[in-house]
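Let me begin by presenting the structure, written as structure tokens, before commenting on it.
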Amino acid sequence: MILKLIWRNLWRNSRRTLITIASIAFAVLFAVLMESFQKGVFNNLIKNVVSYYSGYIQVHRNGYWDEQVLENSFDSEEKLFSILKDDNSVQEIVPRLETFVLASNVSTTKGCLLVGTDPVKENNLTQLKKKLIKGKYFENDEEAVLLAEGLANRLNLKVNDTIVLFGQGYHDVMAAGKYKIKGIVYLASPQMNDSFVYLPLTVAQYFLSAQNRLTTISLGIDDPDDLETINQKLKSEVDKKYEVMSWEELLPEISNHIKTDTFNLYIFLGILYLIIGFGIFGTVLMMTSERKYEFGMLIAIGMEKSKLELVLLGETLLITVLGVVLGILLSMPFVIYFKEEPIRFGGELAKAYVQFGFEPIFPTDLNPNIFLKQSMIVMIMALIIGLYPLWNVKNLNPVKAMKK
């Protein structure tokens, strides 16, 4: 009986009910879109940071990150790799040997970062092959290099030319060698694009007299949201002579930027919730004011206030659920569309993003938790505001109500 009464009450004034449902639905829509865009942009930013070099987590010998020299390299131990492979959350394991060397072509010389890496594993983590703009991708044990485009231009080198590398190898051994340029890659970061040279790992180890030694192991993980958990787990499992660092520790300036923007988002969401709250309250206030005579009449003919309050609470619950469901259904197509077809920046803003190695796009994130979280927040707000009619009925004088 109560349920039937609730349903009939809602549609006796369909316009009022539809206005209330619409206000809740648009509240959910705007809240979901705002958080979805924020999460999408940050996830894309993190993906850019991770995919153009660092990986989500890196393993070094203690002290290497503070003093990045070959003397702080470590032996490639099967025990360490076994620990990393046994962790199901670790998807990619990329061993590297890195050092600074001089690259030369005839009379032109420039300092650069030599990266000895496994070509297949490197491509799995950073999609290095997709960044190839000229020539072909290198292979394991091949005595050939991939050269960053900016460095190639500075040294006036092209594909199939020979580059000469000079440096200091392990234990201060002189390192010198000449290699064929197999391909040229474009790296979005200007600093990387002007200074990176890639060699197959075994060739780099031989060149630097550092057989079986590594400076870094970069890791790709299956769920970026579990980064901190995975990082702490690996720190507890790996020998204490190694340091395990997440990308947030490696690149604190980007991590701080994300935290600052997240705080700004909470401020904007707070303002949005305030606007939403007043919008819903205005609708409920109008609905309560319009029905005062009805409430007074029901109480006057003998309906208990507690039962009337139960009916009103049921109406509020039903309207809120309908509004939230509608809001989710309305927001989903927008979120899906902008995930597949993200908003693209143009002009100077796009150039600024590209200069720092980031895609100039504004995608959304399709994480179900966003829909659930924002729906729950709006639902709680609507239910709290929905207590106003109950308070009004509790303090209602039926005689006065029917006089108005």
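Residue numbers start at 1 in each chain; chains themselves are named A, B, ... in the order of the structure tokens; ligands are numbered from 1 in the order shown.
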
*Can you list, as a VMD selection string, every protein, DNA or RNA residue that comes within 9 Å of Glu142 of chain A when you count only C-alpha atoms, leaving out same-chain residues fewer than 6 positions away?*
chain A and resid 199 to 200 202 to 203

Could the residues in this selection be saved with N, CA, C and O atoms as a tab-separated table (two decimals), in the first residue's frame?
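Listing of out23.tsv after writing:
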```tsv
chain	number	residue	atom	x	y	z
A	199	LEU	N	72.06	1.35	-27.71
A	199	LEU	CA	72.83	0.20	-28.17
A	199	LEU	C	72.21	-1.07	-27.60
A	199	LEU	O	71.66	-1.03	-26.49
A	200	PRO	N	72.28	-2.20	-28.30
A	200	PRO	CA	71.86	-3.46	-27.68
A	200	PRO	C	72.66	-3.70	-26.40
A	200	PRO	O	73.85	-3.35	-26.33
A	202	THR	N	74.07	-6.23	-24.71
A	202	THR	CA	75.33	-6.99	-24.71
A	202	THR	C	76.45	-6.21	-25.40
A	202	THR	O	77.61	-6.27	-24.99
A	203	VAL	N	76.11	-5.48	-26.47
A	203	VAL	CA	77.10	-4.67	-27.18
A	203	VAL	C	77.58	-3.53	-26.29
A	203	VAL	O	78.78	-3.22	-26.25
```

*Using only C-alpha atoms, which residues sit within 9 Å of Leu165 of chain A once same-chain residues fewer than 2 positions away are excluded, as a PyMOL selection string?*
chain A and resi 101-104+163+167+175-179

Write out, as a PDB file, in the first residue's frame, the residues just selected, with N, CA and C atoms.
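Listing of selection.pdb after writing:
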```pdb
ATOM      1  N   VAL A 101      78.663   9.463 -22.561  1.00  0.00           N
ATOM      2  CA  VAL A 101      79.802   9.304 -23.466  1.00  0.00           C
ATOM      3  C   VAL A 101      79.841  10.494 -24.417  1.00  0.00           C
ATOM      4  N   LEU A 102      80.906  10.574 -25.199  1.00  0.00           N
ATOM      5  CA  LEU A 102      81.015  11.572 -26.257  1.00  0.00           C
ATOM      6  C   LEU A 102      80.696  10.904 -27.583  1.00  0.00           C
ATOM      7  N   ALA A 103      79.820  11.531 -28.366  1.00  0.00           N
ATOM      8  CA  ALA A 103      79.501  11.043 -29.706  1.00  0.00           C
ATOM      9  C   ALA A 103      80.165  11.979 -30.706  1.00  0.00           C
ATOM     10  N   SER A 104      80.780  11.394 -31.728  1.00  0.00           N
ATOM     11  CA  SER A 104      81.574  12.206 -32.636  1.00  0.00           C
ATOM     12  C   SER A 104      81.308  11.846 -34.095  1.00  0.00           C
ATOM     13  N   ILE A 163      78.832   6.362 -36.431  1.00  0.00           N
ATOM     14  CA  ILE A 163      79.057   7.262 -35.303  1.00  0.00           C
ATOM     15  C   ILE A 163      80.164   6.693 -34.433  1.00  0.00           C
ATOM     16  N   GLY A 167      84.297   7.141 -24.292  1.00  0.00           N
ATOM     17  CA  GLY A 167      83.864   7.287 -22.911  1.00  0.00           C
ATOM     18  C   GLY A 167      84.760   6.566 -21.952  1.00  0.00           C
ATOM     19  N   ALA A 175      86.917   3.503 -23.179  1.00  0.00           N
ATOM     20  CA  ALA A 175      85.911   2.891 -24.059  1.00  0.00           C
ATOM     21  C   ALA A 175      85.850   3.689 -25.359  1.00  0.00           C
ATOM     22  N   ALA A 176      86.013   3.011 -26.474  1.00  0.00           N
ATOM     23  CA  ALA A 176      85.944   3.660 -27.784  1.00  0.00           C
ATOM     24  C   ALA A 176      85.417   2.656 -28.800  1.00  0.00           C
ATOM     25  N   GLY A 177      84.559   3.102 -29.677  1.00  0.00           N
ATOM     26  CA  GLY A 177      84.009   2.203 -30.688  1.00  0.00           C
ATOM     27  C   GLY A 177      83.257   2.983 -31.743  1.00  0.00           C
ATOM     28  N   LYS A 178      83.098   2.374 -32.897  1.00  0.00           N
ATOM     29  CA  LYS A 178      82.317   3.008 -33.962  1.00  0.00           C
ATOM     30  C   LYS A 178      81.207   2.058 -34.385  1.00  0.00           C
ATOM     31  N   TYR A 179      80.037   2.624 -34.624  1.00  0.00           N
ATOM     32  CA  TYR A 179      78.858   1.814 -34.870  1.00  0.00           C
ATOM     33  C   TYR A 179      78.040   2.409 -36.019  1.00  0.00           C
TER      34      TYR A 179
END
```

*With only C-alpha atoms as the atoms that count, which of A:Gly323, A:Ile258, A:Glu253, A:Ser236 lies nearest to Ile83 of chain A?*
A:Ser236

Counting only C-alpha atoms, what are the residues of segment 32-123 of chain A within 9 Å of segment 240-243 of chain A, and for each of them which pair of atoms is the nearest and at what distance in Å, to one decimal? Sort the table by chain and rising number, as a tab-separated table.
```
residue	atom	partner	partner_atom	distance
A:Gln58	CA	A:Glu243	CA	8.2
A:Val59	CA	A:Glu243	CA	5.7
A:His60	CA	A:Glu243	CA	5.3
A:Arg61	CA	A:Tyr242	CA	4.4
A:Asn62	CA	A:Tyr242	CA	5.0
A:Gly63	CA	A:Glu243	CA	7.9
A:Tyr64	CA	A:Glu243	CA	8.5
A:Trp65	CA	A:Glu243	CA	8.7
A:Phe74	CA	A:Tyr242	CA	9.0
```

Where does DSSP see strand (DSSP E or B) in segment 259-367 of chain A, if you list the residues as a compact mmCIF listing (two decimals) with all heavy atoms, in the first residue's frame?
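This went into out-v6.txt:
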```txt
# COMPACT_ATOMS: atom_id res chain seq x y z
N ILE A 343 39.66 15.25 -26.48
CA ILE A 343 39.78 16.65 -26.91
C ILE A 343 41.26 16.95 -27.17
O ILE A 343 42.12 16.63 -26.34
CB ILE A 343 39.23 17.59 -25.83
CG1 ILE A 343 37.74 17.32 -25.61
CG2 ILE A 343 39.45 19.05 -26.20
CD1 ILE A 343 37.17 18.04 -24.40
N ARG A 344 41.55 17.56 -28.32
CA ARG A 344 42.95 17.86 -28.68
C ARG A 344 43.18 19.37 -28.62
O ARG A 344 42.41 20.15 -29.15
CB ARG A 344 43.27 17.34 -30.08
CG ARG A 344 43.26 15.82 -30.15
CD ARG A 344 43.80 15.28 -31.45
NE ARG A 344 43.89 13.82 -31.37
CZ ARG A 344 44.91 13.15 -30.89
NH1 ARG A 344 45.97 13.81 -30.45
NH2 ARG A 344 44.91 11.83 -30.83
N ILE A 361 46.45 16.25 -25.45
CA ILE A 361 45.08 15.74 -25.51
C ILE A 361 44.44 15.76 -24.13
O ILE A 361 45.12 15.82 -23.11
CB ILE A 361 45.03 14.30 -26.10
CG1 ILE A 361 45.81 13.32 -25.22
CG2 ILE A 361 45.55 14.29 -27.52
CD1 ILE A 361 45.69 11.87 -25.66
N PHE A 362 43.11 15.68 -24.15
CA PHE A 362 42.30 15.75 -22.93
C PHE A 362 41.35 14.56 -22.92
O PHE A 362 40.18 14.70 -23.27
CB PHE A 362 41.52 17.07 -22.95
CG PHE A 362 41.38 17.71 -21.60
CD1 PHE A 362 42.47 18.20 -20.93
CD2 PHE A 362 40.13 17.84 -21.01
CE1 PHE A 362 42.34 18.80 -19.69
CE2 PHE A 362 39.98 18.44 -19.77
CZ PHE A 362 41.09 18.92 -19.11
```

*Determine which residues of segment 152-240 of chain A receive a DSSP assignment of alpha helix (DSSP H), computed from the backbone, and state them as a ChimeraX atom specification.*
/A:152-154,190-193,201-207,227-237

_Minimum-distance residue to Lys307 of chain A, chosen among A:Leu269, A:Ile319, A:Gly282, A:Leu3 (using only C-alpha atoms)_ =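 Looking only at the distances to Lys307 of chain A, the closest residue turns out to be A:Leu3.
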
_Proximity to Asn153 of chain A - best of A:Tyr186, A:Phe30, A:Trp7, A:Phe345, only C-alpha atoms_ = A:Tyr186
